[in-house]
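**Q** I am attaching a structure below and will ask some questions about it afterwards.
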Amino acid sequence: MTTTLTRPGALATSGHPLVRPDAAKHLSDEQIAELGRELDAVRDEILAKRGTTDAAYIRRIIKIQRTLEFTGRGALMFSRYKAAWAAGTAMLSLAKILENMEIGHNVLHGQWDWMRDPDIHSTTWEWDFVTPARSWQHTHNDLHHRWTNVIGKDKDIGYNLLRMDADQPWRPFNLGNPLYNAVLAPVFEWGIALYDLEIPDYKEGLKSKEAMNRDLKAVGVKALKQFSKDYAATPLLAMATGSGRRALYGTLAANAIRNFWAHAVIFCGHFPDGTDTFTEEMVEGETRGDWYVRQMIGSANISGSKFMHLMTGNLSHQIEHHCFPDLPSNRYAEVAVKVREICARYGLPYTTGPLPKQVGSTWAKIFKLALPPKKTSRSPKSSPA
Amino acid sequence: MFRHLARAASALTTPLTPEDFLALFNPVHSSRQLRGIVTRVVHETEDSATIYFRPGHRWQAHQAGQWARIGVELDGVRQWRSYSLTTAAGHDPAITVKDAGAVSRVLVRGTKPGDVLFLSPPQGDFVLPEHPRSLLMLTAGSGITPVMSMIRTLIPRRPDADVVLINSNSTPEKSLFREELAELADQFPNLTVRHWFTSVRGRLEFTARTVADLCPDWRSRAAYACGPEGFLNDAEELWKREAALEAAQPACIGAGAEAKGARPGTLTVERFSTDFTAGAGHDGGVVVFEQSDREIQADGDTPLLDVGEDAGVLMPSGCRMGICHSCLVPLRSGQVRDLRTGELHNAPGQLIQTCVSAAAGPVNLDL
């Protein structure tokens, strides 16, 4: 029959990159190749199991999300009553978080494409987030997931705004690192929309004017619709019960809560202590096993309850998500047990911790990197190999 | 009115549509796909069932003899098959399905009222002529299904119709609609039913004599045939021979499109499957679905439609046998082989019927 060649399957199965990251230096080419085969087997095992229960899972989450969204927005129509405001805002916040994290992010990764349901498909999905799905798929699925944590290639390291790695050169602008991040958090979706326009690429002539115009138009239309829904249509309708202003506060709060949460979770994915960044030499000649290694040691998990995993869209299993970006998110928890065991057996770091710890660690880095590097200190991986 | 309301409501639901929320209350709603809710399941024989459904508002009423694509989920994966609609034109639609594979098994054994079916609107040219005339229906096995819709449409309403049905099955127990056909034939003189049981009489040979035994005036009737490949080929052979013999009299083999003008001496056939032997046995190639960013190594015998679907690409599809042209995709580059004929196609920009074309070397598709 047919076989699918997907990344990282297209990479060589043997050999080695120009430089191997320090954390994997102790492994031989053969060990790395074996690790690649083991992780491929983990993936194949899930593919063989994937079926009715997984399909039922995503449909149930979508149904819950839409019910919350419908009820929440409905409650805001009566938000001049405090209880209705609180309930409406809470439900709408939850709905937006679920929509962006467990549903949108994962559907747009193609995690549910295997169902062949045009309503739940990476090529048809549009999400409740300012940036258009197609733009985000380009910068996220293609660029970030391909170049995970490679300095100079993966612009998600700081989103062109923050200095997030010691190997990024320091400029006086970076003194504002914590301030920029604090400002970014509540308006995260607008920041991502701006980031997805790839303005630096356009300025450098790497992105054509036609492409820029097309993207500007797409984000303009999308932003207008998103803005009107929450800040015009909803309050206008709520005015019928004299709840217009409070409904506006409700949608503002729901969007801000979602933005804070998404920002926190996403920053815990690659920035906490223990995660590695890479040089382009480390990607040159990368084998399938090395690709897995980079994904594992460049990502960090968040430990916590089932509910916490759901609310993070299972990005709390960032390591597993980066190894297998198109496996359905409901399977990451069982994959994690195996990946963690493999990391332990091969002596590779597996970074995880509770949310407050990971958030704290990320903020500490943001503060630290606001300042210029001390002359004596050098990050280990930047030392010549 | 509904449209204006929906448009206004979408300001509140964007990027979803109001229908996406209506689906919370009634699963028949969907912004992207036509759905139907199963209303009744009637078991016909031990391995077949008729499934009645209430379709969503974009459905169009079917003509007698037409088919629809029905999507069901197997292990969470959407699978599409085409089934003839068996109810009379103007009635709520139903399909009659025989358990003959994984998808039909789910339909026959696992469907219950309230279930959701995914649908595409009815299509097909195997339909009744515009004016009733003398008709001869030749059916075998589940080939009765489109013809049943024709009989149910025509017989009770048109006393001027005159239909002879020759229906071949292995045993009486396995004959679909046997009781209903008997009742109709009893009640209406314009229907004559001739059963042929292969367990008793052997295979129905299409010779002028056997057909004349069953229907003496067969030459003066417009004929319709539906059944397995061999059955249809045999019938076509007989009608061709007759046409050659009576070259003085105009006669032709119709293929669907001419059904509306079906004349005495013509045969209109409806096929449920396609013969791929002519194009089989060649090498495949790497297939790239450019917009979907998928790259697959495909063999030379698997239709590109199946290749794409297996890789999770949203493929347009229809009859899956090269008739309806719903599955057309532009070829960007490379070469494909028509599995029915073995013919090669390699002109960039050409529209490819993915359901009957396989890779013949590397293929890039604009999808």
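Ordering of the structure tokens sets the chain letters (A, B, ...), residue numbers begin anew at 1 in every chain, and ligands are numbered from 1 in the order given.
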Give me, as a VMD selection string, the residues of chain B touching chain A, with the criterion being at most 8 Å (counting only C-alpha atoms).
**A** chain B and resid 11 to 16 21 24 32 to 33 74 to 78 292 294 to 299 302 307 309 to 314
**Q** Based on the backbone DSSP call, show me all residues of stretch 166-316 of chain B assigned helix (DSSP H, G or I), as JSON, numbers by chain.
**A** {"B": [172, 173, 174, 178, 179, 180, 181, 182, 183, 184, 185, 186, 187, 198, 199, 200, 201, 208, 209, 210, 211, 212, 213, 214, 218, 219, 220, 229, 230, 231, 232, 233, 234, 235, 236, 237, 238, 239, 240, 241, 242, 243, 244, 245, 259, 260, 261, 277, 278, 279, 304, 305, 306, 307, 308, 309, 310]}
**Q** Mind checking which residues fall within 9 Å of stretch 344-360 of chain A, counting only C-alpha atoms, ignoring those fewer than 5 positions away in the same chain, and posting them as a PDB file with C-alpha atoms, in the first residue's frame?
**A**
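For reference, selection_16.pdb as written:
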ATOM      1  CA  ALA A  23      23.531  17.224  26.465  1.00  0.00           C
ATOM      2  CA  ALA A  24      23.771  14.452  23.836  1.00  0.00           C
ATOM      3  CA  HIS A  26      27.833  11.137  25.422  1.00  0.00           C
ATOM      4  CA  LEU A  27      25.735   9.225  22.864  1.00  0.00           C
ATOM      5  CA  GLN A  31      22.701   5.050  20.074  1.00  0.00           C
ATOM      6  CA  ILE A  32      21.088   8.141  18.566  1.00  0.00           C
ATOM      7  CA  LEU A  35      16.707   6.295  20.067  1.00  0.00           C
ATOM      8  CA  ALA A 264       2.216  31.879  30.474  1.00  0.00           C
ATOM      9  CA  VAL A 265       1.770  28.372  29.084  1.00  0.00           C
ATOM     10  CA  PHE A 267       6.500  30.729  27.543  1.00  0.00           C
ATOM     11  CA  CYS A 268       6.847  27.604  29.678  1.00  0.00           C
ATOM     12  CA  GLY A 269       7.343  25.530  26.541  1.00  0.00           C
ATOM     13  CA  PHE A 271      12.223  29.059  28.041  1.00  0.00           C
ATOM     14  CA  PRO A 272      12.426  27.522  31.554  1.00  0.00           C
ATOM     15  CA  ASP A 273      15.753  26.511  33.044  1.00  0.00           C
ATOM     16  CA  GLY A 274      16.992  23.234  31.630  1.00  0.00           C
ATOM     17  CA  THR A 275      15.912  23.791  28.040  1.00  0.00           C
ATOM     18  CA  VAL A 293      16.910  14.814  20.723  1.00  0.00           C
ATOM     19  CA  MET A 296      13.252  16.785  23.699  1.00  0.00           C
ATOM     20  CA  ILE A 297      16.054  18.813  25.217  1.00  0.00           C
ATOM     21  CA  GLY A 298      14.745  22.051  23.722  1.00  0.00           C
ATOM     22  CA  SER A 299      11.306  21.742  25.291  1.00  0.00           C
ATOM     23  CA  ALA A 300       9.930  21.733  28.820  1.00  0.00           C
ATOM     24  CA  ASN A 301       6.809  20.177  30.295  1.00  0.00           C
ATOM     25  CA  ILE A 302       4.479  21.390  33.014  1.00  0.00           C
ATOM     26  CA  SER A 303       3.392  18.890  35.639  1.00  0.00           C
ATOM     27  CA  GLY A 304      -0.082  19.003  37.104  1.00  0.00           C
ATOM     28  CA  SER A 316       2.066  20.833  29.296  1.00  0.00           C
ATOM     29  CA  HIS A 317       3.389  17.848  27.333  1.00  0.00           C
ATOM     30  CA  ILE A 319       8.274  17.581  24.880  1.00  0.00           C
ATOM     31  CA  VAL A 339       9.383   9.422  26.337  1.00  0.00           C
ATOM     32  CA  LYS A 365      15.503  34.451  32.598  1.00  0.00           C
TER      33      LYS A 365
END
**Q** As an exercise, work out the distance from atom CA of A:Phe173 to atom CA of A:His270 in Å and give it to one decimal place.
**A**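 Between atom CA of A:Phe173 and atom CA of A:His270 the gap works out to 22.3 Å.
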**Q** Which one is closest to B:Arg219: B:Phe231, B:Phe126, B:Trp196, B:Trp239? Count only C-alpha atoms.
**A**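 So, comparing all the options, the nearest one is B:Trp239.
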**Q** Find the distance between atom CA of B:Val363 and atom CA of B:Val287 and write it in Å to one decimal.
**A**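 Going from atom CA of B:Val363 over to atom CA of B:Val287, I get 4.7 Å.
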**Q** Show which residues sit within 8 Å of stretch 111-121 of chain B, as a short mmCIF file (atom, residue, chain, number, x, y, z; two decimals) with N, CA and C atoms, in the first residue's frame. Count only C-alpha atoms, and ignore same-chain residues fewer than 4 positions away.
**A**
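What follows is the written file part_28.cif:
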data_model
loop_
_atom_site.label_atom_id
_atom_site.label_comp_id
_atom_site.auth_asym_id
_atom_site.auth_seq_id
_atom_site.Cartn_x
_atom_site.Cartn_y
_atom_site.Cartn_z
N PRO B 27 -28.07 17.98 15.69
CA PRO B 27 -26.85 17.64 14.96
C PRO B 27 -26.98 17.70 13.44
N VAL B 28 -28.18 17.95 12.92
CA VAL B 28 -28.32 18.03 11.47
C VAL B 28 -27.64 19.29 10.94
N GLN B 33 -20.95 20.76 5.89
CA GLN B 33 -21.32 19.50 5.28
C GLN B 33 -22.78 19.17 5.52
N LEU B 34 -23.33 18.53 4.52
CA LEU B 34 -24.71 18.11 4.57
C LEU B 34 -24.80 16.88 5.48
N ARG B 35 -25.76 16.92 6.39
CA ARG B 35 -25.93 15.77 7.29
C ARG B 35 -27.37 15.31 7.27
N GLY B 36 -27.59 14.10 7.69
CA GLY B 36 -28.94 13.57 7.83
C GLY B 36 -29.05 12.84 9.16
N ILE B 37 -30.24 12.84 9.73
CA ILE B 37 -30.47 12.12 10.98
C ILE B 37 -31.28 10.88 10.65
N VAL B 38 -30.80 9.74 11.08
CA VAL B 38 -31.50 8.48 10.82
C VAL B 38 -32.82 8.49 11.58
N THR B 39 -33.93 8.21 10.86
CA THR B 39 -35.24 8.22 11.52
C THR B 39 -35.76 6.80 11.77
N ARG B 40 -35.33 5.86 10.92
CA ARG B 40 -35.90 4.51 11.04
C ARG B 40 -34.95 3.53 10.34
N VAL B 41 -34.81 2.35 10.91
CA VAL B 41 -34.00 1.30 10.27
C VAL B 41 -34.87 0.06 10.14
N ILE B 51 -32.34 2.20 5.54
CA ILE B 51 -32.11 3.24 6.53
C ILE B 51 -32.78 4.52 6.03
N PRO B 55 -32.77 14.58 5.92
CA PRO B 55 -31.58 15.34 5.56
C PRO B 55 -31.66 16.81 5.95
N ARG B 58 -29.83 21.60 2.83
CA ARG B 58 -29.23 21.74 1.50
C ARG B 58 -29.41 20.51 0.61
N TRP B 59 -30.10 19.56 1.11
CA TRP B 59 -30.41 18.34 0.33
C TRP B 59 -31.38 18.69 -0.79
N GLN B 60 -31.25 18.05 -1.93
CA GLN B 60 -32.25 18.21 -2.98
C GLN B 60 -33.01 16.90 -3.11
N ALA B 68 -26.84 8.56 -3.79
CA ALA B 68 -26.20 9.61 -3.00
C ALA B 68 -24.98 9.02 -2.32
N ARG B 69 -24.00 9.88 -2.07
CA ARG B 69 -22.85 9.43 -1.29
C ARG B 69 -23.21 9.54 0.18
N ILE B 70 -22.89 8.51 0.92
CA ILE B 70 -23.19 8.46 2.34
C ILE B 70 -21.87 8.30 3.09
N GLY B 71 -21.64 9.18 4.05
CA GLY B 71 -20.42 9.10 4.84
C GLY B 71 -20.72 8.56 6.23
N VAL B 72 -19.96 7.58 6.65
CA VAL B 72 -20.09 7.07 8.02
C VAL B 72 -18.69 6.99 8.61
N VAL B 106 -21.16 -1.62 8.99
CA VAL B 106 -21.49 -0.62 10.01
C VAL B 106 -22.90 -0.09 9.77
N LEU B 107 -23.23 0.16 8.50
CA LEU B 107 -24.55 0.71 8.20
C LEU B 107 -25.65 -0.30 8.54
#
**Q** I'd like the interatomic distance between atom CA of A:Lys306 and atom CA of A:Asn330, to a tenth of an Å.
**A**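 A separation of 10.5 Å between them.
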**Q** Which of stretch 152-371 of chain A counts as strand (DSSP E or B) under DSSP, as number ranges by chain please?
**A** A: 278, 287, 300-303, 351-354
**Q** Would you write out those residues with N, CA and C atoms, as a PDB file, in the first residue's frame?
**A**
ATOM      1  N   PHE A 278      20.116  25.862  20.252  1.00  0.00           N
ATOM      2  CA  PHE A 278      21.036  25.170  19.342  1.00  0.00           C
ATOM      3  C   PHE A 278      21.612  26.122  18.310  1.00  0.00           C
ATOM      4  N   THR A 287      20.230  13.865  11.977  1.00  0.00           N
ATOM      5  CA  THR A 287      19.533  12.615  11.656  1.00  0.00           C
ATOM      6  C   THR A 287      18.175  12.625  12.354  1.00  0.00           C
ATOM      7  N   ALA A 300      10.161  21.993  27.400  1.00  0.00           N
ATOM      8  CA  ALA A 300       9.930  21.733  28.820  1.00  0.00           C
ATOM      9  C   ALA A 300       8.452  21.458  29.063  1.00  0.00           C
ATOM     10  N   ASN A 301       8.192  20.523  29.942  1.00  0.00           N
ATOM     11  CA  ASN A 301       6.809  20.177  30.295  1.00  0.00           C
ATOM     12  C   ASN A 301       6.348  20.933  31.535  1.00  0.00           C
ATOM     13  N   ILE A 302       5.051  20.863  31.772  1.00  0.00           N
ATOM     14  CA  ILE A 302       4.479  21.390  33.014  1.00  0.00           C
ATOM     15  C   ILE A 302       3.770  20.221  33.681  1.00  0.00           C
ATOM     16  N   SER A 303       4.073  19.990  34.955  1.00  0.00           N
ATOM     17  CA  SER A 303       3.392  18.890  35.639  1.00  0.00           C
ATOM     18  C   SER A 303       2.127  19.425  36.287  1.00  0.00           C
ATOM     19  N   THR A 351      12.969  18.035  31.066  1.00  0.00           N
ATOM     20  CA  THR A 351      12.656  19.166  31.933  1.00  0.00           C
ATOM     21  C   THR A 351      11.166  19.251  32.196  1.00  0.00           C
ATOM     22  N   THR A 352      10.799  19.241  33.469  1.00  0.00           N
ATOM     23  CA  THR A 352       9.389  19.402  33.827  1.00  0.00           C
ATOM     24  C   THR A 352       9.289  19.989  35.222  1.00  0.00           C
ATOM     25  N   GLY A 353       8.137  20.583  35.524  1.00  0.00           N
ATOM     26  CA  GLY A 353       7.919  21.153  36.847  1.00  0.00           C
ATOM     27  C   GLY A 353       6.540  21.765  36.899  1.00  0.00           C
ATOM     28  N   PRO A 354       6.064  22.055  38.125  1.00  0.00           N
ATOM     29  CA  PRO A 354       4.741  22.672  38.235  1.00  0.00           C
ATOM     30  C   PRO A 354       4.722  24.080  37.619  1.00  0.00           C
TER      31      PRO A 354
END
**Q** Find the spatial neighbours of stretch 139-147 of chain A, counting only C-alpha atoms, within a cut-off of 9 Å - ignore same-chain residues fewer than 2 positions away - and output them as a list in words.
**A** Arg7, Pro8, Leu108, His109, Ser135, Trp136, Gln137, Asn149, Val150, Ile151, Lys153, Asp154, Lys155, Asp156, Ile157, Tyr195, Asp196, Glu198, Val283, Gln295, His322 and Pro325 of chain A
**Q** Go ahead and save the picked residues with C-alpha atoms, as a tab-separated table (two decimals), in the first residue's frame.
**A**
chain	number	residue	atom	x	y	z
A	7	ARG	CA	9.13	15.05	9.19
A	8	PRO	CA	11.20	13.81	10.86
A	108	LEU	CA	-4.27	23.48	13.15
A	109	HIS	CA	-1.38	21.09	13.67
A	135	SER	CA	-0.46	32.74	8.86
A	136	TRP	CA	0.07	31.12	12.20
A	137	GLN	CA	0.42	27.66	10.64
A	149	ASN	CA	15.25	26.51	19.43
A	150	VAL	CA	17.82	27.07	16.70
A	151	ILE	CA	19.21	30.55	17.31
A	153	LYS	CA	16.21	30.34	12.69
A	154	ASP	CA	13.46	29.87	15.28
A	155	LYS	CA	12.13	33.37	15.81
A	156	ASP	CA	9.80	32.08	18.52
A	157	ILE	CA	12.83	32.56	20.76
A	195	TYR	CA	4.64	38.61	14.79
A	196	ASP	CA	3.01	36.40	12.14
A	198	GLU	CA	7.04	38.63	9.64
A	283	VAL	CA	21.07	21.06	12.58
A	295	GLN	CA	12.91	18.50	20.32
A	322	HIS	CA	7.46	18.58	19.77
A	325	PRO	CA	3.30	17.40	16.65
**Q** For A:Trp363, which residue out of A:Ile257, A:Leu236, A:Val337, A:Leu162 is the nearest one, using only C-alpha atoms?
**A**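 Closest to A:Trp363, using only C-alpha atoms: A:Leu162.
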**Q** Pick out the residues sitting within 10 Å of B:Arg158, and hand them over as a list in words; count only C-alpha atoms, and ignore anything fewer than 3 positions along from it in its own chain.
**A**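 Listed by chain and then number, they are Pro132, Thr153, Leu154, Ile155, Ala161, Asp162, Phe188 and Asn190 of chain B.
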**Q** Keeping only N, CA and C atoms, write the selected residues as a PDB file, in the first residue's frame.
**A**
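result.pdb was written with the following content:
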ATOM      1  N   PRO B 132     -43.869   7.795 -19.415  1.00  0.00           N
ATOM      2  CA  PRO B 132     -43.949   6.358 -19.201  1.00  0.00           C
ATOM      3  C   PRO B 132     -44.095   5.630 -20.530  1.00  0.00           C
ATOM      4  N   THR B 153     -42.073   4.701  -7.658  1.00  0.00           N
ATOM      5  CA  THR B 153     -42.489   6.015  -8.153  1.00  0.00           C
ATOM      6  C   THR B 153     -43.558   5.881  -9.231  1.00  0.00           C
ATOM      7  N   LEU B 154     -43.325   4.931 -10.112  1.00  0.00           N
ATOM      8  CA  LEU B 154     -44.122   4.841 -11.331  1.00  0.00           C
ATOM      9  C   LEU B 154     -45.425   4.067 -11.144  1.00  0.00           C
ATOM     10  N   ILE B 155     -45.317   2.887 -10.574  1.00  0.00           N
ATOM     11  CA  ILE B 155     -46.432   1.934 -10.614  1.00  0.00           C
ATOM     12  C   ILE B 155     -47.716   2.447  -9.948  1.00  0.00           C
ATOM     13  N   ALA B 161     -48.240   3.277 -17.183  1.00  0.00           N
ATOM     14  CA  ALA B 161     -46.913   2.661 -17.230  1.00  0.00           C
ATOM     15  C   ALA B 161     -47.052   1.156 -17.453  1.00  0.00           C
ATOM     16  N   ASP B 162     -45.987   0.558 -17.957  1.00  0.00           N
ATOM     17  CA  ASP B 162     -46.002  -0.883 -18.222  1.00  0.00           C
ATOM     18  C   ASP B 162     -44.595  -1.395 -17.972  1.00  0.00           C
ATOM     19  N   PHE B 188     -51.383  -3.890  -8.897  1.00  0.00           N
ATOM     20  CA  PHE B 188     -51.332  -3.070 -10.118  1.00  0.00           C
ATOM     21  C   PHE B 188     -51.010  -3.939 -11.331  1.00  0.00           C
ATOM     22  N   ASN B 190     -50.067  -3.017 -14.112  1.00  0.00           N
ATOM     23  CA  ASN B 190     -48.992  -2.482 -14.964  1.00  0.00           C
ATOM     24  C   ASN B 190     -47.599  -2.933 -14.531  1.00  0.00           C
TER      25      ASN B 190
END
**Q** With distances taken over only C-alpha atoms, which residue among B:Gly308, B:Gly101, B:Gly285, B:Pro264 lies nearest B:Ser134?
**A**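 That would be B:Pro264, the residue with the smallest distance to B:Ser134.
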**Q** Using only C-alpha atoms, pick whichever of A:Ala333, A:Ala218, A:Cys343, A:Val19 has the shortest atom-to-atom distance to A:Leu197.
**A** A:Ala218
**Q** Can you tell me, as a ChimeraX atom specification, what residues are no more than 12 Å from B:Leu232 when counting only C-alpha atoms, ignoring any on the same chain fewer than 3 positions away?
**A** /B:137-140,143,204-206,223-229,235-239,253,255,267-274
